$ cat my_file_5.cif   # mmCIF, C-alpha atoms
data_model
loop_
_atom_site.group_PDB
_atom_site.id
_atom_site.type_symbol
_atom_site.label_atom_id
_atom_site.label_comp_id
_atom_site.auth_asym_id
_atom_site.auth_seq_id
_atom_site.Cartn_x
_atom_site.Cartn_y
_atom_site.Cartn_z
ATOM 1 C CA MET A 1 -12.730 48.966 -72.371
ATOM 2 C CA ARG A 2 -9.822 47.121 -73.922
ATOM 3 C CA GLU A 3 -7.666 48.032 -70.960
ATOM 4 C CA GLU A 4 -10.253 46.669 -68.517
ATOM 5 C CA ILE A 5 -10.487 43.413 -70.404
ATOM 6 C CA ASP A 6 -6.734 43.060 -70.375
ATOM 7 C CA GLU A 7 -6.732 43.648 -66.637
ATOM 8 C CA LEU A 8 -9.430 41.048 -66.150
ATOM 9 C CA ASP A 9 -7.535 38.586 -68.325
ATOM 10 C CA PHE A 10 -4.392 39.175 -66.348
ATOM 11 C CA LEU A 11 -6.217 38.775 -63.048
ATOM 12 C CA LEU A 12 -7.927 35.587 -64.071
ATOM 13 C CA ALA A 13 -4.741 34.054 -65.380
ATOM 14 C CA CYS A 14 -3.011 34.830 -62.059
ATOM 15 C CA LEU A 15 -5.937 33.646 -60.031
ATOM 16 C CA MET A 16 -6.304 30.358 -61.842
ATOM 17 C CA ARG A 17 -2.654 29.627 -61.195
ATOM 18 C CA ASP A 18 -3.253 30.197 -57.491
ATOM 19 C CA LEU A 19 -6.417 28.191 -57.548
ATOM 20 C CA SER A 20 -4.757 25.102 -58.880
ATOM 21 C CA PRO A 21 -1.049 24.793 -58.192
ATOM 22 C CA ASP A 22 1.165 23.299 -60.874
ATOM 23 C CA LYS A 23 2.378 20.114 -59.251
ATOM 24 C CA ASP A 24 2.824 16.475 -60.089
ATOM 25 C CA PRO A 25 0.168 14.026 -58.956
ATOM 26 C CA PRO A 26 1.334 11.669 -56.205
ATOM 27 C CA PRO A 27 3.090 8.456 -57.358
ATOM 28 C CA ARG A 28 0.203 6.381 -56.028
ATOM 29 C CA VAL A 29 -1.903 7.471 -59.025
ATOM 30 C CA TRP A 30 0.434 5.807 -61.503
ATOM 31 C CA GLU A 31 0.807 2.789 -59.207
ATOM 32 C CA ALA A 32 -2.979 2.379 -59.198
ATOM 33 C CA ILE A 33 -3.100 2.675 -62.994
ATOM 34 C CA ARG A 34 -0.288 0.142 -63.341
ATOM 35 C CA ASP A 35 -2.101 -2.286 -61.024
ATOM 36 C CA CYS A 36 -5.296 -1.975 -63.047
ATOM 37 C CA LEU A 37 -3.436 -2.557 -66.295
ATOM 38 C CA ASP A 38 -1.629 -5.575 -64.862
ATOM 39 C CA THR A 39 -4.964 -7.016 -63.821
ATOM 40 C CA LEU A 40 -6.419 -6.373 -67.267
ATOM 41 C CA GLU A 41 -3.466 -7.999 -68.965
ATOM 42 C CA ALA A 42 -3.685 -10.994 -66.637
ATOM 43 C CA GLU A 43 -7.387 -11.321 -67.441
ATOM 44 C CA GLY A 44 -6.486 -11.233 -71.116
ATOM 45 C CA GLY A 45 -5.326 -14.830 -70.615
ATOM 46 C CA GLU A 46 -3.376 -16.938 -73.007
ATOM 47 C CA GLY A 47 -5.429 -16.208 -76.059
ATOM 48 C CA GLY A 48 -5.866 -12.501 -75.583
ATOM 49 C CA ARG A 49 -3.679 -9.465 -75.896
ATOM 50 C CA ALA A 50 -4.981 -6.580 -73.889
ATOM 51 C CA MET A 51 -2.988 -4.157 -75.977
ATOM 52 C CA GLY A 52 -1.082 -4.077 -79.176
ATOM 53 C CA TYR A 53 -3.624 -5.782 -81.378
ATOM 54 C CA PRO A 54 -4.094 -4.391 -84.858
ATOM 55 C CA ARG A 55 -6.451 -1.459 -85.298
ATOM 56 C CA TRP A 56 -8.653 -3.247 -87.806
ATOM 57 C CA VAL A 57 -9.318 -5.979 -85.209
ATOM 58 C CA ALA A 58 -10.561 -3.344 -82.784
ATOM 59 C CA ARG A 59 -12.759 -1.896 -85.510
ATOM 60 C CA VAL A 60 -14.255 -5.282 -86.294
ATOM 61 C CA GLY A 61 -14.573 -5.954 -82.563
ATOM 62 C CA GLY A 62 -16.447 -2.696 -82.038
ATOM 63 C CA TRP A 63 -18.762 -3.447 -84.920
ATOM 64 C CA LEU A 64 -19.472 -6.925 -83.581
ATOM 65 C CA GLU A 65 -20.051 -5.566 -80.130
ATOM 66 C CA GLU A 66 -22.790 -3.365 -81.495
ATOM 67 C CA GLY A 67 -24.202 -6.070 -83.655
ATOM 68 C CA TYR A 68 -23.882 -8.783 -81.054
ATOM 69 C CA ALA A 69 -27.501 -9.837 -81.143
ATOM 70 C CA LEU A 70 -27.378 -10.393 -84.877
ATOM 71 C CA THR A 71 -24.103 -12.321 -84.658
ATOM 72 C CA ARG A 72 -25.537 -14.528 -81.978
ATOM 73 C CA MET A 73 -28.562 -15.293 -84.115
ATOM 74 C CA VAL A 74 -26.315 -16.261 -86.998
ATOM 75 C CA LEU A 75 -24.317 -18.577 -84.771
ATOM 76 C CA ILE A 76 -27.426 -20.218 -83.389
ATOM 77 C CA PHE A 77 -28.663 -20.675 -86.947
ATOM 78 C CA LEU A 78 -25.340 -22.277 -87.893
ATOM 79 C CA GLN A 79 -25.479 -24.428 -84.803
ATOM 80 C CA ASN A 80 -28.772 -25.870 -86.002
ATOM 81 C CA ARG A 81 -27.646 -26.209 -89.611
ATOM 82 C CA LEU A 82 -24.490 -28.066 -88.635
ATOM 83 C CA GLU A 83 -26.334 -30.218 -86.117
ATOM 84 C CA GLY A 84 -24.413 -28.762 -83.233
ATOM 85 C CA MET A 85 -21.246 -30.614 -84.093
ATOM 86 C CA GLN A 86 -18.936 -27.793 -85.016
ATOM 87 C CA VAL A 87 -20.460 -24.567 -83.901
ATOM 88 C CA TRP A 88 -21.957 -23.349 -80.702
ATOM 89 C CA ALA A 89 -22.703 -19.972 -79.246
ATOM 90 C CA GLN A 90 -22.506 -19.144 -75.601
ATOM 91 C CA GLU A 91 -23.168 -16.087 -73.542
ATOM 92 C CA GLN A 92 -20.942 -15.940 -70.473
ATOM 93 C CA PRO A 93 -22.486 -15.250 -67.065
ATOM 94 C CA THR A 94 -20.194 -12.274 -66.455
ATOM 95 C CA PRO A 95 -22.464 -9.252 -66.925
ATOM 96 C CA ALA A 96 -19.896 -7.042 -68.590
ATOM 97 C CA SER A 97 -18.625 -9.623 -70.991
ATOM 98 C CA VAL A 98 -20.137 -11.227 -73.991
ATOM 99 C CA VAL A 99 -18.340 -14.142 -75.450
ATOM 100 C CA VAL A 100 -19.174 -15.788 -78.713
ATOM 101 C CA SER A 101 -17.125 -18.831 -79.491
ATOM 102 C CA THR A 102 -16.940 -21.909 -81.640
ATOM 103 C CA TYR A 103 -15.482 -25.339 -81.166
ATOM 104 C CA ALA A 104 -13.888 -25.090 -84.520
ATOM 105 C CA ALA A 105 -11.563 -22.251 -83.540
ATOM 106 C CA PRO A 106 -8.107 -23.261 -84.691
ATOM 107 C CA TRP A 107 -6.202 -20.231 -83.560
ATOM 108 C CA SER A 108 -5.996 -17.940 -80.619
ATOM 109 C CA LEU A 109 -8.564 -15.295 -80.042
ATOM 110 C CA TYR A 110 -8.442 -11.544 -79.889
ATOM 111 C CA SER A 111 -9.684 -9.589 -76.922
ATOM 112 C CA CYS A 112 -11.576 -6.543 -78.040
ATOM 113 C CA ARG A 113 -12.712 -4.679 -74.953
ATOM 114 C CA GLU A 114 -15.696 -6.559 -73.534
ATOM 115 C CA THR A 115 -16.181 -8.724 -76.549
ATOM 116 C CA THR A 116 -14.089 -11.704 -77.389
ATOM 117 C CA LEU A 117 -14.525 -13.015 -80.878
ATOM 118 C CA HIS A 118 -13.576 -16.593 -81.390
ATOM 119 C CA CYS A 119 -12.708 -17.690 -84.849
ATOM 120 C CA TRP A 120 -14.828 -15.565 -87.085
ATOM 121 C CA TRP A 121 -12.849 -16.803 -90.013
ATOM 122 C CA SER A 122 -13.589 -20.441 -89.309
ATOM 123 C CA LEU A 123 -17.245 -19.675 -89.467
ATOM 124 C CA THR A 124 -16.951 -17.993 -92.804
ATOM 125 C CA SER A 125 -15.039 -20.975 -94.172
ATOM 126 C CA VAL A 126 -17.720 -23.324 -92.829
ATOM 127 C CA LEU A 127 -20.338 -21.255 -94.623
ATOM 128 C CA ARG A 128 -18.529 -21.703 -97.900
ATOM 129 C CA MET B 1 6.004 11.732 -86.710
ATOM 130 C CA ASN B 2 5.324 13.894 -83.652
ATOM 131 C CA ARG B 3 6.014 12.759 -80.117
ATOM 132 C CA ASP B 4 2.367 11.909 -79.357
ATOM 133 C CA ALA B 5 1.969 9.879 -82.526
ATOM 134 C CA GLU B 6 5.200 8.044 -81.828
ATOM 135 C CA LEU B 7 4.091 7.163 -78.293
ATOM 136 C CA VAL B 8 0.641 6.035 -79.389
ATOM 137 C CA SER B 9 2.151 3.935 -82.136
ATOM 138 C CA ARG B 10 4.537 2.264 -79.685
ATOM 139 C CA ILE B 11 1.717 1.633 -77.209
ATOM 140 C CA GLN B 12 -0.390 0.067 -79.934
ATOM 141 C CA GLU B 13 2.501 -2.258 -80.633
ATOM 142 C CA GLY B 14 2.437 -3.347 -76.997
ATOM 143 C CA ASP B 15 5.203 -1.186 -75.526
ATOM 144 C CA SER B 16 4.159 -0.599 -71.910
ATOM 145 C CA GLN B 17 7.062 1.805 -71.348
ATOM 146 C CA ALA B 18 5.502 4.084 -73.918
ATOM 147 C CA PHE B 19 2.288 4.177 -71.929
ATOM 148 C CA ALA B 20 4.275 5.244 -68.860
ATOM 149 C CA ALA B 21 5.957 7.911 -70.976
ATOM 150 C CA LEU B 22 2.578 9.166 -72.160
ATOM 151 C CA TYR B 23 1.438 9.402 -68.556
ATOM 152 C CA ASP B 24 4.555 11.332 -67.582
ATOM 153 C CA ARG B 25 4.081 13.677 -70.492
ATOM 154 C CA TYR B 26 0.532 14.721 -69.603
ATOM 155 C CA LYS B 27 0.016 13.938 -65.915
ATOM 156 C CA ARG B 28 0.867 17.400 -64.629
ATOM 157 C CA ARG B 29 -1.421 19.395 -66.927
ATOM 158 C CA LEU B 30 -4.292 16.965 -66.616
ATOM 159 C CA PHE B 31 -3.970 16.795 -62.856
ATOM 160 C CA ARG B 32 -4.016 20.573 -62.663
ATOM 161 C CA THR B 33 -7.181 20.789 -64.717
ATOM 162 C CA ALA B 34 -8.879 18.085 -62.670
ATOM 163 C CA LEU B 35 -7.862 19.835 -59.476
ATOM 164 C CA ALA B 36 -9.154 23.179 -60.721
ATOM 165 C CA ILE B 37 -12.538 21.721 -61.612
ATOM 166 C CA THR B 38 -13.074 19.408 -58.666
ATOM 167 C CA ASP B 39 -11.136 21.389 -56.071
ATOM 168 C CA ASP B 40 -10.516 18.082 -54.361
ATOM 169 C CA GLN B 41 -7.153 16.340 -54.307
ATOM 170 C CA GLY B 42 -8.619 12.853 -53.976
ATOM 171 C CA ALA B 43 -11.115 13.431 -56.752
ATOM 172 C CA ALA B 44 -8.435 14.836 -59.039
ATOM 173 C CA GLU B 45 -6.285 11.741 -58.462
ATOM 174 C CA GLU B 46 -9.265 9.529 -59.181
ATOM 175 C CA VAL B 47 -10.061 11.461 -62.350
ATOM 176 C CA LEU B 48 -6.484 11.189 -63.583
ATOM 177 C CA GLN B 49 -6.451 7.463 -62.943
ATOM 178 C CA ASP B 50 -9.781 6.917 -64.706
ATOM 179 C CA CYS B 51 -8.638 9.083 -67.589
ATOM 180 C CA PHE B 52 -5.611 6.930 -68.334
ATOM 181 C CA LEU B 53 -7.594 3.733 -67.972
ATOM 182 C CA LYS B 54 -10.063 5.070 -70.526
ATOM 183 C CA VAL B 55 -7.185 6.062 -72.787
ATOM 184 C CA TYR B 56 -5.777 2.566 -72.516
ATOM 185 C CA HIS B 57 -9.085 1.074 -73.601
ATOM 186 C CA CYS B 58 -9.555 3.347 -76.585
ATOM 187 C CA LEU B 59 -5.946 3.414 -77.774
ATOM 188 C CA PRO B 60 -6.618 1.400 -80.918
ATOM 189 C CA ARG B 61 -9.107 4.041 -82.045
ATOM 190 C CA ILE B 62 -6.974 7.076 -81.265
ATOM 191 C CA ASP B 63 -6.190 9.251 -84.238
ATOM 192 C CA CYS B 64 -2.419 9.813 -84.154
ATOM 193 C CA SER B 65 -2.581 12.687 -86.596
ATOM 194 C CA THR B 66 -4.093 15.123 -84.080
ATOM 195 C CA PRO B 67 -2.488 16.353 -80.836
ATOM 196 C CA LEU B 68 -3.400 14.315 -77.799
ATOM 197 C CA GLY B 69 -3.662 17.231 -75.358
ATOM 198 C CA PRO B 70 -7.212 18.312 -76.209
ATOM 199 C CA PHE B 71 -8.331 14.696 -76.495
ATOM 200 C CA LEU B 72 -7.014 13.884 -73.012
ATOM 201 C CA HIS B 73 -8.524 17.059 -71.631
ATOM 202 C CA ARG B 74 -11.881 16.120 -73.047
ATOM 203 C CA ILE B 75 -11.786 12.947 -70.965
ATOM 204 C CA VAL B 76 -10.552 14.733 -67.842
ATOM 205 C CA VAL B 77 -13.149 17.500 -68.127
ATOM 206 C CA ASN B 78 -15.969 15.002 -68.596
ATOM 207 C CA LEU B 79 -14.848 12.916 -65.639
ATOM 208 C CA SER B 80 -14.346 15.980 -63.447
ATOM 209 C CA TYR B 81 -17.683 17.432 -64.475
ATOM 210 C CA ASN B 82 -19.428 14.173 -63.640
ATOM 211 C CA TRP B 83 -17.725 14.106 -60.285
ATOM 212 C CA VAL B 84 -18.800 17.662 -59.482
ATOM 213 C CA VAL B 85 -22.378 17.059 -60.545
ATOM 214 C CA LYS B 86 -22.534 13.815 -58.612
ATOM 215 C CA ARG B 87 -21.048 15.124 -55.413
ATOM 216 C CA ARG B 88 -22.735 18.492 -55.540
ATOM 217 C CA SER B 89 -19.660 19.828 -53.868
ATOM 218 C CA TRP B 90 -19.027 22.730 -56.156
ATOM 219 C CA PHE B 91 -20.199 25.450 -53.846
ATOM 220 C CA VAL B 92 -19.578 23.628 -50.606
ATOM 221 C CA SER B 93 -15.860 23.854 -51.172
ATOM 222 C CA VAL B 94 -15.735 27.618 -51.472
ATOM 223 C CA GLU B 95 -14.734 28.105 -47.855
ATOM 224 C CA GLU B 96 -11.937 25.555 -48.140
ATOM 225 C CA MET B 97 -10.669 27.202 -51.265
ATOM 226 C CA ILE B 98 -10.643 30.618 -49.648
ATOM 227 C CA ASP B 99 -8.861 29.277 -46.590
ATOM 228 C CA ARG B 100 -6.237 27.703 -48.785
ATOM 229 C CA LEU B 101 -5.637 30.880 -50.661
ATOM 230 C CA VAL B 102 -5.650 33.036 -47.571
ATOM 231 C CA ALA B 103 -3.009 30.717 -46.120
ATOM 232 C CA ALA B 104 -0.809 31.068 -49.192
ATOM 233 C CA PRO B 105 2.639 32.063 -47.960
ATOM 234 C CA GLN B 106 3.988 33.746 -51.084
ATOM 235 C CA VAL B 107 2.598 37.218 -50.409
ATOM 236 C CA TRP B 108 4.515 40.377 -49.931
ATOM 237 C CA PRO B 109 4.170 41.415 -46.281
ATOM 238 C CA GLU B 110 3.199 44.992 -47.039
ATOM 239 C CA HIS B 111 0.338 43.857 -49.282
ATOM 240 C CA ALA B 112 -0.661 40.696 -47.472
ATOM 241 C CA TYR B 113 -4.033 41.874 -46.272
ATOM 242 C CA GLU B 114 -5.041 43.411 -49.581
ATOM 243 C CA ARG B 115 -4.016 40.335 -51.471
ATOM 244 C CA LYS B 116 -5.952 38.035 -49.170
ATOM 245 C CA GLU B 117 -8.991 40.199 -49.557
ATOM 246 C CA LEU B 118 -8.523 40.230 -53.303
ATOM 247 C CA HIS B 119 -8.330 36.452 -53.427
ATOM 248 C CA ARG B 120 -11.444 36.151 -51.360
ATOM 249 C CA ARG B 121 -13.411 38.487 -53.612
ATOM 250 C CA LEU B 122 -12.213 36.995 -56.835
ATOM 251 C CA HIS B 123 -12.854 33.467 -55.708
ATOM 252 C CA GLU B 124 -16.344 34.337 -54.662
ATOM 253 C CA ALA B 125 -16.856 35.791 -58.109
ATOM 254 C CA ILE B 126 -15.487 32.729 -59.882
ATOM 255 C CA ASN B 127 -17.484 30.387 -57.699
ATOM 256 C CA SER B 128 -20.612 32.275 -58.550
ATOM 257 C CA LEU B 129 -20.222 31.219 -62.182
ATOM 258 C CA LYS B 130 -22.302 28.432 -63.662
ATOM 259 C CA ILE B 131 -20.275 25.267 -64.032
ATOM 260 C CA HIS B 132 -20.220 25.411 -67.848
ATOM 261 C CA HIS B 133 -18.896 28.945 -67.716
ATOM 262 C CA ARG B 134 -16.340 27.969 -65.147
ATOM 263 C CA LEU B 135 -15.083 25.086 -67.269
ATOM 264 C CA VAL B 136 -14.435 27.491 -70.118
ATOM 265 C CA VAL B 137 -12.647 29.901 -67.791
ATOM 266 C CA ILE B 138 -10.412 27.098 -66.466
ATOM 267 C CA LEU B 139 -9.506 25.822 -69.913
ATOM 268 C CA PHE B 140 -8.948 29.282 -71.311
ATOM 269 C CA TYR B 141 -7.065 30.940 -68.474
ATOM 270 C CA LEU B 142 -5.428 28.025 -66.677
ATOM 271 C CA GLN B 143 -4.497 25.799 -69.600
ATOM 272 C CA GLY B 144 -4.316 28.428 -72.308
ATOM 273 C CA PHE B 145 -6.398 26.481 -74.812
ATOM 274 C CA SER B 146 -7.685 28.261 -77.880
ATOM 275 C CA LEU B 147 -11.420 28.634 -78.431
ATOM 276 C CA THR B 148 -11.311 25.908 -81.071
ATOM 277 C CA GLU B 149 -9.533 23.528 -78.723
ATOM 278 C CA ILE B 150 -12.012 24.276 -75.945
ATOM 279 C CA ALA B 151 -14.856 23.592 -78.359
ATOM 280 C CA TYR B 152 -13.307 20.198 -79.069
ATOM 281 C CA VAL B 153 -12.755 19.447 -75.376
ATOM 282 C CA LEU B 154 -16.297 20.417 -74.396
ATOM 283 C CA GLU B 155 -17.826 18.926 -77.545
ATOM 284 C CA CYS B 156 -19.724 22.069 -78.479
ATOM 285 C CA PRO B 157 -19.524 24.701 -81.236
ATOM 286 C CA VAL B 158 -16.904 27.455 -81.063
ATOM 287 C CA GLY B 159 -19.728 29.976 -80.921
ATOM 288 C CA THR B 160 -20.984 28.396 -77.716
ATOM 289 C CA VAL B 161 -17.515 28.620 -76.183
ATOM 290 C CA LYS B 162 -17.274 32.286 -77.163
ATOM 291 C CA SER B 163 -20.687 32.945 -75.688
ATOM 292 C CA ARG B 164 -19.856 31.152 -72.428
ATOM 293 C CA LEU B 165 -16.565 32.972 -72.098
ATOM 294 C CA HIS B 166 -18.247 36.277 -72.819
ATOM 295 C CA HIS B 167 -20.912 35.667 -70.181
ATOM 296 C CA ALA B 168 -18.370 34.398 -67.671
ATOM 297 C CA ARG B 169 -16.274 37.517 -68.088
ATOM 298 C CA LYS B 170 -19.326 39.731 -67.949
ATOM 299 C CA THR B 171 -20.453 38.081 -64.716
ATOM 300 C CA LEU B 172 -16.991 38.355 -63.200
ATOM 301 C CA LYS B 173 -16.705 41.969 -64.195
ATOM 302 C CA LYS B 174 -20.107 42.726 -62.723
ATOM 303 C CA GLU B 175 -19.265 40.963 -59.477
ATOM 304 C CA LEU B 176 -15.995 42.799 -59.214
ATOM 305 C CA ALA B 177 -17.512 46.132 -60.152
ATOM 306 C CA SER B 178 -19.929 45.787 -57.279
ATOM 307 C CA GLU B 179 -16.924 45.726 -55.025
ATOM 308 C CA GLY B 180 -15.857 49.148 -56.165
ATOM 309 C CA ALA B 181 -12.455 49.646 -57.704
ATOM 310 C CA VAL B 182 -11.267 46.168 -56.846
ATOM 311 C CA LEU B 183 -10.365 45.298 -60.405
ATOM 312 C CA ARG B 184 -7.902 48.123 -60.832
ATOM 313 C CA GLU B 185 -6.640 47.602 -57.294
ATOM 314 C CA ALA B 186 -6.153 43.898 -57.948
ATOM 315 C CA TYR B 187 -4.317 44.545 -61.156
ATOM 316 C CA HIS B 188 -2.005 46.882 -59.303
ATOM 317 C CA LEU B 189 -1.359 44.347 -56.540
ATOM 318 C CA LEU B 190 -0.709 41.456 -58.844
ATOM 319 C CA SER B 191 1.564 43.553 -60.995
ATOM 320 C CA LEU B 192 3.867 44.246 -58.074
#
$ encode --input "my_file_5.cif" --output "structure tokens"
Amino acid sequence: MREEIDELDFLLACLMRDLSPDKDPPPRVWEAIRDCLDTLEAEGGEGGRAMGYPRWVARVGGWLEEGYALTRMVLIFLQNRLEGMQVWAQEQPTPASVVVSTYAAPWSLYSCRETTLHCWWSLTSVLR
Amino acid sequence: MNRDAELVSRIQEGDSQAFAALYDRYKRRLFRTALAITDDQGAAEEVLQDCFLKVYHCLPRIDCSTPLGPFLHRIVVNLSYNWVVKRRSWFVSVEEMIDRLVAAPQVWPEHAYERKELHRRLHEAINSLKIHHRLVVILFYLQGFSLTEIAYVLECPVGTVKSRLHHARKTLKKELASEGAVLREAYHLLSL
């Protein structure tokens, strides 16, 4: 029994190597990836960094992405409380992107996947 | 710090060269897995491309303390599986696969016919496997992953992997047994 299993193992290992040859993918694959990344970085714009942002920003970004509806409600509430002078919330027409922003943003924004958070800290200071 | 962790750390700091290095490090293995699952060159290229774009997007959340190989394979296997399910091309490609193997030039002349026949029979047997069983066979025999690593890649318990591998081997053995002494014959041929 053990011998048969070893034979089967050996056969399968040989066969799988035949089935899928060990070779490099064509260079066009990396070129396509590079093009996509260049496009993403270009879309990141002046205020965004497509990569290299701190991990905690991504974590906060992910959390906000999930809790977008709640965040938006808070911003609309603030908009009313502050008579629309300093804070406004806007949903962008792009289907895949959700942008929440404020007029009061004094510093550049972080791009966190589909969500861009503008000046969360300004809002908290306004609340105080 | 291991090589993977170093690369991920550099990428997270914005070093695009490190991302290229990560691609170079894993492209061959991942491409091979994608090719084995999809059996389609174009699809495998597409899967590899999508895999690295996904990696790019989730880099900030990658845990540097664990090896990247299984993590990357999880993405590739999922993408390849989706492609197979979507295209329903799993069984359609059997003939192509057999033709490719039959045309393989690296056979010894005196055993050419037997080896071709062997390939045909074994490929029929492997193609008769359910896709989940086949995935386990590919990861175990082609990539040499451990059962634990396969469980991580396929996002299922180790027991499930063991069970799938057991059933896959049982099916293969049954298929081959129905062909008479092909198993022993094959072992002899491949050992030459």
$ interface_residues --input "my_file_5.cif" --of "chain B" --to "chain A" --cutoff "8 Å" --atoms "all atoms listed in the file" --output "ChimeraX atom specification"
/B:11-15,23,27-29,31-33,35-36,39,45-46,48-49,52-53,57,60-61,97,101,119,122,138,141-142,169,173,183-184,186-187,190
$ axis_aligned_box --input "my_file_5.cif" --around "stretch 24-43 of chain A" --padding-each-side "5 Å" --output "AutoDock Vina command-line options"
--center_x -2.1 --center_y 2.6 --center_z -62.5 --size_x 20.5 --size_y 37.8 --size_z 22.9
$ atom_distance --input "my_file_5.cif" --atom1 "atom CA of B:Pro157" --atom2 "atom CA of B:Val136"
12.5 Å
$ atom_distance --input "my_file_5.cif" --atom1 "atom CA of B:Lys54" --atom2 "atom CA of B:Lys130"
27.3 Å
$ resolve_selection --input "my_file_5.cif" --expression "the PyMOL selection byres ((chain B and resi 76) around 7)" --output "list of chain:residue names"
B:Leu30, B:Ala34, B:Val47, B:Leu48, B:Cys51, B:Leu72, B:His73, B:Arg74, B:Ile75, B:Val77, B:Asn78, B:Leu79, B:Ser80
$ atom_distance --input "my_file_5.cif" --atom1 "atom CA of B:Thr38" --atom2 "atom CA of B:Val85"
9.8 Å
$ residues_near_point --input "my_file_5.cif" --point "(-16.8, 28.0, -74.0)" --cutoff "12 Å" --atoms "all atoms listed in the file" --output "VMD selection string"
chain B and resid 130 to 141 145 to 169
$ closest_residue --input "my_file_5.cif" --among "B:Phe19, B:Arg121, B:Asp24, B:Val55" --to "B:Phe71" --atoms "only C-alpha atoms"
B:Val55
$ closest_residue --input "my_file_5.cif" --among "B:Leu22, B:Tyr56, B:Asn82, B:Leu68" --to "A:Leu40" --atoms "all atoms listed in the file"
B:Tyr56
$ resolve_selection --input "my_file_5.cif" --expression "the PyMOL selection byres ((chain B and resi 125) around 9)" --output "PDB file with C-alpha atoms, in the frame of the given file"
ATOM      1  CA  ARG B 120     -11.444  36.151 -51.360  1.00  0.00           C
ATOM      2  CA  ARG B 121     -13.411  38.487 -53.612  1.00  0.00           C
ATOM      3  CA  LEU B 122     -12.213  36.995 -56.835  1.00  0.00           C
ATOM      4  CA  HIS B 123     -12.854  33.467 -55.708  1.00  0.00           C
ATOM      5  CA  GLU B 124     -16.344  34.337 -54.662  1.00  0.00           C
ATOM      6  CA  ILE B 126     -15.487  32.729 -59.882  1.00  0.00           C
ATOM      7  CA  ASN B 127     -17.484  30.387 -57.699  1.00  0.00           C
ATOM      8  CA  SER B 128     -20.612  32.275 -58.550  1.00  0.00           C
ATOM      9  CA  LEU B 129     -20.222  31.219 -62.182  1.00  0.00           C
ATOM     10  CA  THR B 171     -20.453  38.081 -64.716  1.00  0.00           C
ATOM     11  CA  LEU B 172     -16.991  38.355 -63.200  1.00  0.00           C
ATOM     12  CA  LYS B 173     -16.705  41.969 -64.195  1.00  0.00           C
ATOM     13  CA  LYS B 174     -20.107  42.726 -62.723  1.00  0.00           C
ATOM     14  CA  GLU B 175     -19.265  40.963 -59.477  1.00  0.00           C
ATOM     15  CA  LEU B 176     -15.995  42.799 -59.214  1.00  0.00           C
TER      16      LEU B 176
END
